[in-house]
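Taking it in order: structure first as structure tokens, then the write-up.
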Amino acid sequence: MSTPETNEQEASATMEQESRLSKDPSLILNQFLPFRLANLAKRVSDTYSWVYSRDFGLTIPEWRILARLGEQPGLSSKFIGEITMMDKSKVSRGVKQLEDKGLLLKNKDQQDNRVYYLSLTEEGQKLYHAIVPSALSWEAELLQSLDVAEYRDLFRIMEKLDQRLEDMARNK
């Protein structure tokens, strides 16, 4: 729900951005949101990947696939690629590696032999449940710099940006 204070803050941010654009249309990379978000996302991913690589022997694609299937079994490789933003080759390689480690099962679709539905083996589920506390602990450590309101605002803002990106993609 929007409050007068929220509306005022949003208007102020928009005016500040418009003012910056009209005064100096040059690009300052460290103030360019796509650059900052991409860098932050990469740093978060790389920093946490060290933990699950060192402690659990997983690559980034393997972890993303394992985490998705731990949360929601029975997904196709294609769908996992879409929701994790990984390209087809990374997903295929990650699936193969998890399968070779005995952590993942592939079940062929009865109507379409090209489609496989993926699920974790018992060993895969054990690994997933072993990683979850580590993941949540690492996230809590990262978020120590935010208070509850900032955390809530961060997620609200990410949702707004995500929705805006969907709208922009639809309007292309």
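Labels for the structure tokens follow display order: chains A, B, ..., residues from 1 in each chain, ligands from 1.
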Neighbour list for range 52-57 of chain A as a PyMOL selection string, cut-off 9 Å, only C-alpha atoms, skip fewer than 5 positions in-chain: chain A and resi 63+127+130-131+134-135
- request: Looking only at helix (DSSP H, G or I) from DSSP on the backbone, list the matching residues of range 21-119 of chain A as an MDAnalysis selection string.
  value: chainID A and resid 21:23 29:31 33:56 60:71 77:84 88:100
- request: Tell me which protein, DNA and RNA residues are within 6 Å of range 99-116 of chain A, counting only C-alpha atoms, leaving out same-chain ones fewer than 6 positions away, and put them as a VMD selection string.
  value: chain A and resid 76 123 to 124
Contact check, range 81-143 of chain A to range 35-50 of chain A, at most 12 Å, counting only C-alpha atoms, closest pairs as JSON lines:
{"residue": "A:Ile131", "atom": "CA", "partner": "A:Tyr48", "partner_atom": "CA", "distance": 11.5}
{"residue": "A:Ser134", "atom": "CA", "partner": "A:Tyr48", "partner_atom": "CA", "distance": 9.8}
{"residue": "A:Ala135", "atom": "CA", "partner": "A:Tyr48", "partner_atom": "CA", "distance": 8.0}
{"residue": "A:Leu136", "atom": "CA", "partner": "A:Tyr48", "partner_atom": "CA", "distance": 10.8}
{"residue": "A:Ser137", "atom": "CA", "partner": "A:Tyr48", "partner_atom": "CA", "distance": 10.8}
{"residue": "A:Trp138", "atom": "CA", "partner": "A:Tyr48", "partner_atom": "CA", "distance": 7.4}
{"residue": "A:Glu139", "atom": "CA", "partner": "A:Tyr48", "partner_atom": "CA", "distance": 8.8}
{"residue": "A:Glu141", "atom": "CA", "partner": "A:Tyr48", "partner_atom": "CA", "distance": 11.1}
{"residue": "A:Leu142", "atom": "CA", "partner": "A:Val44", "partner_atom": "CA", "distance": 8.8}
{"residue": "A:Leu143", "atom": "CA", "partner": "A:Val44", "partner_atom": "CA", "distance": 11.3}
Take the residues just selected and output them with C-alpha atoms as a PDB file, in the first residue's frame.
ATOM      1  CA  ILE A 131      23.068 -27.466   2.513  1.00  0.00           C
ATOM      2  CA  SER A 134      24.417 -23.458   5.591  1.00  0.00           C
ATOM      3  CA  ALA A 135      22.664 -21.393   2.913  1.00  0.00           C
ATOM      4  CA  LEU A 136      20.316 -19.748   5.407  1.00  0.00           C
ATOM      5  CA  SER A 137      23.164 -19.030   7.814  1.00  0.00           C
ATOM      6  CA  TRP A 138      25.235 -17.450   5.034  1.00  0.00           C
ATOM      7  CA  GLU A 139      22.256 -15.344   3.937  1.00  0.00           C
ATOM      8  CA  GLU A 141      25.307 -13.138   7.803  1.00  0.00           C
ATOM      9  CA  LEU A 142      25.055 -11.180   4.548  1.00  0.00           C
ATOM     10  CA  LEU A 143      21.854  -9.463   5.659  1.00  0.00           C
TER      11      LEU A 143
END
- request: Among the residues of range 13-169 of chain A, find those DSSP assigns to strand (DSSP E or B) from the backbone and print them as a list of chain:residue names.
  value: A:Leu75, A:Ser76, A:Leu104, A:Leu105, A:Lys106, A:Asn107, A:Lys108, A:Tyr116, A:Tyr117, A:Leu118, A:Ser119, A:Leu120
Atoms to include: N, CA and C atoms. Write the selected residues as a PDB file, in the first residue's frame.
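Okay, selection.pdb is ready:
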ATOM      1  N   LEU A  75      10.664 -31.095 -12.088  1.00  0.00           N
ATOM      2  CA  LEU A  75      10.757 -30.044 -13.100  1.00  0.00           C
ATOM      3  C   LEU A  75      11.531 -30.550 -14.314  1.00  0.00           C
ATOM      4  N   SER A  76      11.267 -29.959 -15.464  1.00  0.00           N
ATOM      5  CA  SER A  76      12.038 -30.288 -16.666  1.00  0.00           C
ATOM      6  C   SER A  76      13.314 -29.448 -16.688  1.00  0.00           C
ATOM      7  N   LEU A 104      20.691 -37.215  -8.734  1.00  0.00           N
ATOM      8  CA  LEU A 104      19.551 -36.806  -9.548  1.00  0.00           C
ATOM      9  C   LEU A 104      19.070 -37.965 -10.417  1.00  0.00           C
ATOM     10  N   LEU A 105      17.767 -38.038 -10.603  1.00  0.00           N
ATOM     11  CA  LEU A 105      17.144 -39.014 -11.505  1.00  0.00           C
ATOM     12  C   LEU A 105      16.433 -38.281 -12.627  1.00  0.00           C
ATOM     13  N   LYS A 106      16.491 -38.860 -13.826  1.00  0.00           N
ATOM     14  CA  LYS A 106      15.768 -38.323 -14.981  1.00  0.00           C
ATOM     15  C   LYS A 106      14.655 -39.305 -15.338  1.00  0.00           C
ATOM     16  N   ASN A 107      13.435 -38.789 -15.458  1.00  0.00           N
ATOM     17  CA  ASN A 107      12.291 -39.610 -15.858  1.00  0.00           C
ATOM     18  C   ASN A 107      11.734 -39.068 -17.163  1.00  0.00           C
ATOM     19  N   LYS A 108      11.703 -39.925 -18.184  1.00  0.00           N
ATOM     20  CA  LYS A 108      11.253 -39.517 -19.512  1.00  0.00           C
ATOM     21  C   LYS A 108       9.742 -39.277 -19.515  1.00  0.00           C
ATOM     22  N   TYR A 116      12.538 -34.669 -20.163  1.00  0.00           N
ATOM     23  CA  TYR A 116      12.809 -35.440 -18.948  1.00  0.00           C
ATOM     24  C   TYR A 116      12.395 -34.605 -17.744  1.00  0.00           C
ATOM     25  N   TYR A 117      11.778 -35.268 -16.792  1.00  0.00           N
ATOM     26  CA  TYR A 117      11.450 -34.621 -15.526  1.00  0.00           C
ATOM     27  C   TYR A 117      12.483 -35.068 -14.501  1.00  0.00           C
ATOM     28  N   LEU A 118      12.974 -34.127 -13.751  1.00  0.00           N
ATOM     29  CA  LEU A 118      14.102 -34.365 -12.863  1.00  0.00           C
ATOM     30  C   LEU A 118      13.653 -34.409 -11.408  1.00  0.00           C
ATOM     31  N   SER A 119      14.291 -35.262 -10.653  1.00  0.00           N
ATOM     32  CA  SER A 119      14.042 -35.316  -9.211  1.00  0.00           C
ATOM     33  C   SER A 119      15.335 -35.736  -8.520  1.00  0.00           C
ATOM     34  N   LEU A 120      15.413 -35.443  -7.244  1.00  0.00           N
ATOM     35  CA  LEU A 120      16.593 -35.804  -6.475  1.00  0.00           C
ATOM     36  C   LEU A 120      16.470 -37.241  -5.987  1.00  0.00           C
TER      37      LEU A 120
END
statement: re CA of Ile28 in chain A and CA of Met85 in chain A: distance 26.8 Å
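Near Lys88 in chain A, within 12 Å and counting only C-alpha atoms, sit Pro61, Ser76, Ser77, Lys78, Phe79, Ile80, Gly81, Glu82, Ile83, Arg93, Gly94 and Val95 of chain A, not including residues fewer than 5 positions from it in the same chain.
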task: Could you check how far CA of Asn171 in chain A sits from CA of Met86 in chain A, in Å to one decimal?
output: 23.7 Å
